[in-house]
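The data block below is my_file31.pdb; it holds PDB, C-alpha atoms.
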```pdb
ATOM      1  CA  MET S  18      11.416 -36.100 100.806
ATOM      2  CA  LYS S  19      14.487 -37.621  99.207
ATOM      3  CA  CYS S  20      17.942 -36.170  99.674
ATOM      4  CA  LEU S  21      19.186 -34.242  96.652
ATOM      5  CA  GLN S  22      21.384 -37.045  95.327
ATOM      6  CA  GLU S  23      18.555 -39.588  95.569
ATOM      7  CA  ALA S  24      16.141 -37.144  93.929
ATOM      8  CA  VAL S  25      18.500 -36.585  90.986
ATOM      9  CA  ILE S  26      19.005 -40.326  90.524
ATOM     10  CA  HIS S  27      15.252 -40.950  90.683
ATOM     11  CA  ARG S  28      14.349 -38.220  88.161
ATOM     12  CA  ARG S  29      13.402 -39.768  84.842
ATOM     13  CA  THR S  30      11.424 -39.110  81.669
ATOM     14  CA  ASN S  31       7.839 -40.336  81.992
ATOM     15  CA  TYR S  32       5.505 -40.457  78.999
ATOM     16  CA  ALA S  33       2.456 -42.234  80.466
ATOM     17  CA  LEU S  34       0.702 -39.398  82.296
ATOM     18  CA  GLY S  35      -2.765 -38.746  83.660
ATOM     19  CA  LYS S  36      -4.709 -35.960  85.320
ATOM     20  CA  ASN S  37      -5.232 -37.365  88.839
ATOM     21  CA  ILE S  38      -2.187 -35.770  90.429
ATOM     22  CA  PRO S  39      -1.137 -36.689  94.008
ATOM     23  CA  VAL S  40      -0.533 -33.075  95.082
ATOM     24  CA  LEU S  41      -2.487 -29.826  95.141
ATOM     25  CA  PRO S  42      -2.066 -27.393  92.225
ATOM     26  CA  SER S  43      -1.026 -24.788  94.793
ATOM     27  CA  GLN S  44       1.940 -26.996  95.754
ATOM     28  CA  ILE S  45       3.053 -27.161  92.132
ATOM     29  CA  ILE S  46       2.716 -23.390  91.763
ATOM     30  CA  ALA S  47       4.754 -22.823  94.939
ATOM     31  CA  ALA S  48       7.497 -25.226  93.797
ATOM     32  CA  VAL S  49       7.776 -23.656  90.328
ATOM     33  CA  GLU S  50       7.904 -20.147  91.785
ATOM     34  CA  ARG S  51      10.484 -21.145  94.404
ATOM     35  CA  MET S  52      12.786 -22.861  91.916
ATOM     36  CA  THR S  53      12.483 -19.996  89.422
ATOM     37  CA  LYS S  54      13.469 -17.545  92.135
ATOM     38  CA  GLU S  55      16.329 -19.579  93.628
ATOM     39  CA  THR S  56      18.002 -21.306  90.655
ATOM     40  CA  PRO S  57      21.288 -19.449  89.998
ATOM     41  CA  SER S  58      22.197 -17.636  86.807
ATOM     42  CA  PRO S  59      25.460 -16.021  85.581
ATOM     43  CA  PHE S  60      25.897 -12.410  86.688
ATOM     44  CA  ASN S  61      22.482 -12.920  88.351
ATOM     45  CA  ILE S  62      21.018 -12.361  84.880
ATOM     46  CA  GLN S  63      17.659 -14.003  85.753
ATOM     47  CA  SER S  64      16.683 -14.136  82.071
ATOM     48  CA  ALA S  65      14.597 -17.314  82.287
ATOM     49  CA  ARG S  66      10.837 -16.853  82.160
ATOM     50  CA  VAL S  67       8.199 -19.463  82.937
ATOM     51  CA  VAL S  68       4.538 -19.955  82.056
ATOM     52  CA  LEU S  69       2.771 -22.596  84.154
ATOM     53  CA  ALA S  70      -0.301 -23.808  82.267
ATOM     54  CA  MET S  71      -2.919 -26.087  83.791
ATOM     55  CA  GLU S  72      -6.403 -27.302  82.850
ATOM     56  CA  GLU S  73      -7.717 -25.667  79.641
ATOM     57  CA  HIS S  74      -4.512 -23.673  79.210
ATOM     58  CA  HIS S  75      -2.493 -26.909  79.200
ATOM     59  CA  ASN S  76      -4.904 -28.371  76.639
ATOM     60  CA  LYS S  77      -4.574 -25.278  74.467
ATOM     61  CA  ILE S  78      -0.801 -25.754  74.166
ATOM     62  CA  TRP S  79      -1.239 -29.227  72.714
ATOM     63  CA  ASN S  80      -4.122 -28.167  70.451
ATOM     64  CA  ILE S  81      -1.858 -25.444  69.058
ATOM     65  CA  THR S  82       0.923 -27.995  68.612
ATOM     66  CA  LYS S  83      -1.356 -30.505  66.886
ATOM     67  CA  GLU S  84      -2.664 -27.903  64.464
ATOM     68  CA  ALA S  85       0.875 -26.708  63.674
ATOM     69  CA  LEU S  86       2.019 -30.265  62.990
ATOM     70  CA  LYS S  87      -0.974 -30.974  60.736
ATOM     71  CA  LYS S  88       0.435 -28.377  58.367
ATOM     72  CA  ILE S  89       3.800 -30.118  57.969
ATOM     73  CA  VAL S  90       3.254 -33.841  58.629
ATOM     74  CA  PRO S  91       1.871 -35.846  55.670
ATOM     75  CA  ALA S  92      -1.726 -36.940  56.282
ATOM     76  CA  ASP S  93      -0.863 -40.631  55.915
ATOM     77  CA  LYS S  94       1.721 -40.308  58.698
ATOM     78  CA  PHE S  95      -0.244 -38.041  61.029
ATOM     79  CA  ALA S  96      -1.884 -40.765  63.154
ATOM     80  CA  GLY S  97       1.352 -41.509  65.033
ATOM     81  CA  THR S  98       2.027 -37.816  65.541
ATOM     82  CA  GLU S  99      -1.499 -37.266  66.850
ATOM     83  CA  THR S 100      -1.149 -40.146  69.307
ATOM     84  CA  LYS S 101       2.059 -38.634  70.648
ATOM     85  CA  ILE S 102       0.536 -35.156  71.056
ATOM     86  CA  ASN S 103      -2.552 -36.650  72.719
ATOM     87  CA  SER S 104      -0.269 -38.349  75.259
ATOM     88  CA  PHE S 105       1.059 -34.940  76.272
ATOM     89  CA  ALA S 106      -2.460 -33.486  76.458
ATOM     90  CA  ALA S 107      -3.400 -36.402  78.755
ATOM     91  CA  GLY S 108      -1.117 -34.936  81.432
ATOM     92  CA  TYR S 109      -2.196 -32.361  84.002
ATOM     93  CA  GLY S 110      -0.114 -29.361  82.980
ATOM     94  CA  THR S 111       2.714 -27.899  80.930
ATOM     95  CA  ILE S 112       5.503 -25.552  81.925
ATOM     96  CA  LEU S 113       6.733 -23.336  79.102
ATOM     97  CA  TYR S 114      10.318 -22.118  79.415
ATOM     98  CA  PHE S 115      11.347 -18.891  77.729
ATOM     99  CA  GLU S 116      14.435 -16.697  77.492
ATOM    100  CA  GLU S 117      13.924 -12.961  77.914
ATOM    101  CA  THR S 118      16.200 -11.839  75.075
ATOM    102  CA  ASN S 119      16.194  -8.135  75.960
ATOM    103  CA  THR S 120      17.682  -9.015  79.336
ATOM    104  CA  VAL S 121      20.472 -10.921  77.607
ATOM    105  CA  LYS S 122      21.102  -8.034  75.190
ATOM    106  CA  ASP S 123      21.243  -5.546  78.063
ATOM    107  CA  MET S 124      23.893  -7.665  79.793
ATOM    108  CA  GLN S 125      25.874  -7.866  76.551
ATOM    109  CA  LYS S 126      25.923  -4.071  76.390
ATOM    110  CA  LYS S 127      26.761  -3.713  80.074
ATOM    111  CA  PHE S 128      29.628  -6.233  79.925
ATOM    112  CA  PRO S 129      30.957  -6.087  76.333
ATOM    113  CA  LEU S 130      34.010  -8.167  77.209
ATOM    114  CA  TYR S 131      31.676 -11.142  77.807
ATOM    115  CA  ALA S 132      29.070 -10.263  75.178
ATOM    116  CA  ASP S 133      29.528 -13.438  73.131
ATOM    117  CA  ASN S 134      29.114 -15.604  76.221
ATOM    118  CA  PHE S 135      25.812 -14.298  77.557
ATOM    119  CA  PRO S 136      23.490 -16.221  75.192
ATOM    120  CA  LEU S 137      25.278 -19.462  76.092
ATOM    121  CA  TRP S 138      25.315 -18.667  79.799
ATOM    122  CA  ALA S 139      21.626 -17.762  79.720
ATOM    123  CA  SER S 140      20.861 -21.060  77.979
ATOM    124  CA  GLN S 141      22.827 -22.961  80.605
ATOM    125  CA  ALA S 142      20.934 -21.193  83.394
ATOM    126  CA  ASN S 143      17.619 -22.017  81.716
ATOM    127  CA  GLY S 144      18.690 -25.651  81.563
ATOM    128  CA  MET S 145      19.518 -25.599  85.282
ATOM    129  CA  LEU S 146      16.058 -24.190  85.992
ATOM    130  CA  GLN S 147      14.407 -26.899  83.897
ATOM    131  CA  PHE S 148      16.379 -29.573  85.736
ATOM    132  CA  ALA S 149      15.598 -28.078  89.155
ATOM    133  CA  ILE S 150      11.868 -27.907  88.484
ATOM    134  CA  TRP S 151      11.834 -31.369  86.875
ATOM    135  CA  THR S 152      13.574 -32.881  89.896
ATOM    136  CA  ILE S 153      11.220 -31.170  92.350
ATOM    137  CA  LEU S 154       8.118 -32.292  90.426
ATOM    138  CA  ASP S 155       9.443 -35.855  90.302
ATOM    139  CA  ASN S 156      10.102 -35.667  94.045
ATOM    140  CA  MET S 157       6.447 -34.681  94.514
ATOM    141  CA  GLY S 158       5.374 -37.939  92.857
ATOM    142  CA  LEU S 159       4.605 -36.492  89.426
ATOM    143  CA  GLY S 160       5.623 -37.880  86.041
ATOM    144  CA  VAL S 161       7.452 -35.440  83.773
ATOM    145  CA  ASN S 162       8.804 -35.218  80.232
ATOM    146  CA  LEU S 163      10.459 -32.419  78.276
ATOM    147  CA  GLN S 164       9.541 -31.468  74.697
ATOM    148  CA  HIS S 165      10.854 -29.031  72.081
ATOM    149  CA  TYR S 166       8.243 -28.008  69.533
ATOM    150  CA  ASN S 167       9.659 -24.513  69.320
ATOM    151  CA  PRO S 168       9.970 -22.577  67.050
ATOM    152  CA  LEU S 169       7.054 -24.303  65.259
ATOM    153  CA  ILE S 170       4.514 -23.212  67.885
ATOM    154  CA  ASP S 171       6.133 -19.987  69.110
ATOM    155  CA  ASP S 172       3.875 -17.390  67.501
ATOM    156  CA  GLU S 173       0.589 -18.989  68.531
ATOM    157  CA  ILE S 174       1.841 -19.765  72.041
ATOM    158  CA  LYS S 175       3.051 -16.199  72.570
ATOM    159  CA  LYS S 176      -0.228 -14.810  71.267
ATOM    160  CA  TYR S 177      -2.362 -17.062  73.471
ATOM    161  CA  PHE S 178      -0.393 -16.409  76.663
ATOM    162  CA  LYS S 179       0.163 -12.724  75.839
ATOM    163  CA  VAL S 180       3.896 -12.823  76.516
ATOM    164  CA  PRO S 181       6.249 -10.109  75.216
ATOM    165  CA  ASP S 182       7.895 -10.440  71.806
ATOM    166  CA  SER S 183      11.267 -10.502  73.564
ATOM    167  CA  TRP S 184      10.430 -13.858  75.170
ATOM    168  CA  THR S 185      11.816 -16.777  73.130
ATOM    169  CA  LEU S 186      10.330 -20.220  73.765
ATOM    170  CA  VAL S 187      12.958 -22.886  74.473
ATOM    171  CA  ALA S 188      11.123 -25.920  75.915
ATOM    172  CA  GLU S 189       7.801 -27.412  76.977
ATOM    173  CA  MET S 190       7.707 -29.543  80.145
ATOM    174  CA  VAL S 191       4.671 -31.809  80.523
ATOM    175  CA  PHE S 192       3.715 -33.156  83.942
ATOM    176  CA  GLY S 193       0.919 -35.189  85.457
ATOM    177  CA  GLU S 194      -0.114 -38.310  87.279
ATOM    178  CA  LEU S 195       2.544 -41.007  86.950
ATOM    179  CA  LEU S 196       0.754 -43.947  85.306
ATOM    180  CA  GLU S 197       3.739 -46.233  84.793
ATOM    181  CA  PRO S 198       7.414 -46.101  85.700
ATOM    182  CA  ALA S 199      10.033 -45.055  83.188
ATOM    183  CA  LYS S 200      11.717 -47.813  81.218
ATOM    184  CA  PRO S 201      15.383 -48.550  81.984
ATOM    185  CA  ILE S 202      17.935 -46.656  79.912
ATOM    186  CA  GLU S 203      21.480 -47.569  79.044
ATOM    187  CA  LYS S 204      24.242 -45.599  80.728
ATOM    188  CA  LEU S 205      27.784 -45.321  79.390
ATOM    189  CA  PRO S 206      30.584 -46.606  81.624
ATOM    190  CA  ILE S 207      31.349 -43.744  83.984
ATOM    191  CA  ASP S 208      35.095 -43.862  83.244
ATOM    192  CA  GLU S 209      34.283 -42.817  79.668
ATOM    193  CA  ARG S 210      32.683 -39.628  80.978
ATOM    194  CA  VAL S 211      34.600 -38.705  84.127
ATOM    195  CA  LYS S 212      38.379 -38.421  84.437
ATOM    196  CA  VAL S 213      39.734 -38.160  87.972
ATOM    197  CA  PHE S 214      43.192 -36.853  88.843
ATOM    198  CA  ARG S 215      44.418 -36.958  92.461
TER
END
```

Entire entry expressed as structure tokens:
Amino acid sequence: MKCLQEAVIHRRTNYALGKNIPVLPSQIIAAVERMTKETPSPFNIQSARVVLAMEEHHNKIWNITKEALKKIVPADKFAGTETKINSFAAGYGTILYFEETNTVKDMQKKFPLYADNFPLWASQANGMLQFAIWTILDNMGLGVNLQHYNPLIDDEIKKYFKVPDSWTLVAEMVFGELLEPAKPIEKLPIDERVKVFR
């Protein structure tokens, strides 16, 4: 296991994924449950919701996505789109991240002084959860990437997984066997992003 700082540095976006994962599905389930429980949220709102889809349920997500895209992408340009969606389906599983909007609304009523802030705070907490789970999966030797096909696929996804209407889809995290390392990415000079005063 890497230390936290090393794990964060190592975490990257991986698009070449396969199904022969180096860990047991039960280990993935345990990690997702643990991070969902322990990742902090403002006012302990706990508004993030997660669906962990593996095997045929994972495949269903990307079939739904492909069918939704067929309706809006011109036929002569669909081949590239289909290749991209197939690369996600080639992975082992998908984690769907939702926001439970009734929870956010209840907090807005309970704390009216901060009402305008709760949607933003909830979104930030959801992002922290995504990052925590992504980092843990990477640390387990899995490849991971994050997608955003919402709201295009929301209705069909919610129907298939039988989630409440108050759940709003915010992201789709694909994971699987790491087939090739991530390509290098350019980083801005750190002094353009961090100002230190001492």

Explicit residues for the PyMOL selection byres ((chain S and resi 75) around 12) (as a PyMOL selection string):
chain S and resi 36+68-74+76-82+102-103+105-113+174+177-178+189-193

Can you tell me which residues surround Gln141 in chain S at a distance of at most 12 Å, considering only C-alpha atoms, apart from same-chain residues fewer than 4 positions away, and format the answer as a VMD selection string?
chain S and resid 56 to 59 62 to 65 116 134 to 137 145 to 148 187

Counting only C-alpha atoms, which residues come within 12 Å of (-5.5, -38.0, 94.3), with the point read in the file's coordinates, and could you list them as a PyMOL selection string?
chain S and resi 35-42+158-159+193-195

Report the distance between CA of Arg29 in chain S and CA of Lys212 in chain S in Å, rounded to one decimal place.
25.0 Å

Write out as number ranges by chain each polymer residue whose atoms come within 10 Å of Asn119 in chain S, counting all atoms listed in the file; drop sequence neighbours fewer than 3 positions from it.
S: 64, 116, 122-125, 182-184

In terms of the shortest atom-to-atom distance over all atoms listed in the file, which of S:Thr30, S:Thr120, S:Asn167, S:Thr185 is closest to Trp151 in chain S?
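Nearest to Trp151 in chain S: S:Thr30.
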
Give me the box for range 179-189 of chain S as AutoDock Vina command-line options, namely the centre and edge lengths in Å to one decimal of a box along x, y and z that holds every listed atom plus 5 Å on each side.
```
--center_x 6.6 --center_y -18.8 --center_z 74.4 --size_x 22.8 --size_y 27.3 --size_z 15.2
```

In terms of the shortest atom-to-atom distance over all atoms listed in the file, which of S:Thr100, S:Tyr114, S:Arg210, S:Ile89 is closest to Asp171 in chain S?
S:Tyr114

Could you list, as a PyMOL selection string, every residue within 10 Å of Glu50 in chain S, counting only C-alpha atoms and ignoring same-chain residues fewer than 6 positions away?
chain S and resi 44+67+69+150

Report the residues retrieved by the PyMOL selection byres ((chain S and resi 25) around 10) from the displayed file, expressed as an MDAnalysis selection string.
chainID S and resid 19:24 26:29 148:149 151:153 155:156

Let me make sure I understand: among S:Val121, S:Val180, S:Ala48, S:Leu154, which one has the smallest atom-to-atom distance to Ala139 in chain S if we use all atoms listed in the file?
S:Val121

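In this structure, CA of Phe60 in chain S sits 9.9 Å away from CA of Phe128 in chain S.
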
Return as a ChimeraX atom specification the set of residues that the PyMOL selection byres ((chain S and resi 31) around 6) yields on the displayed structure.
/S:30,32-33,160-162,199
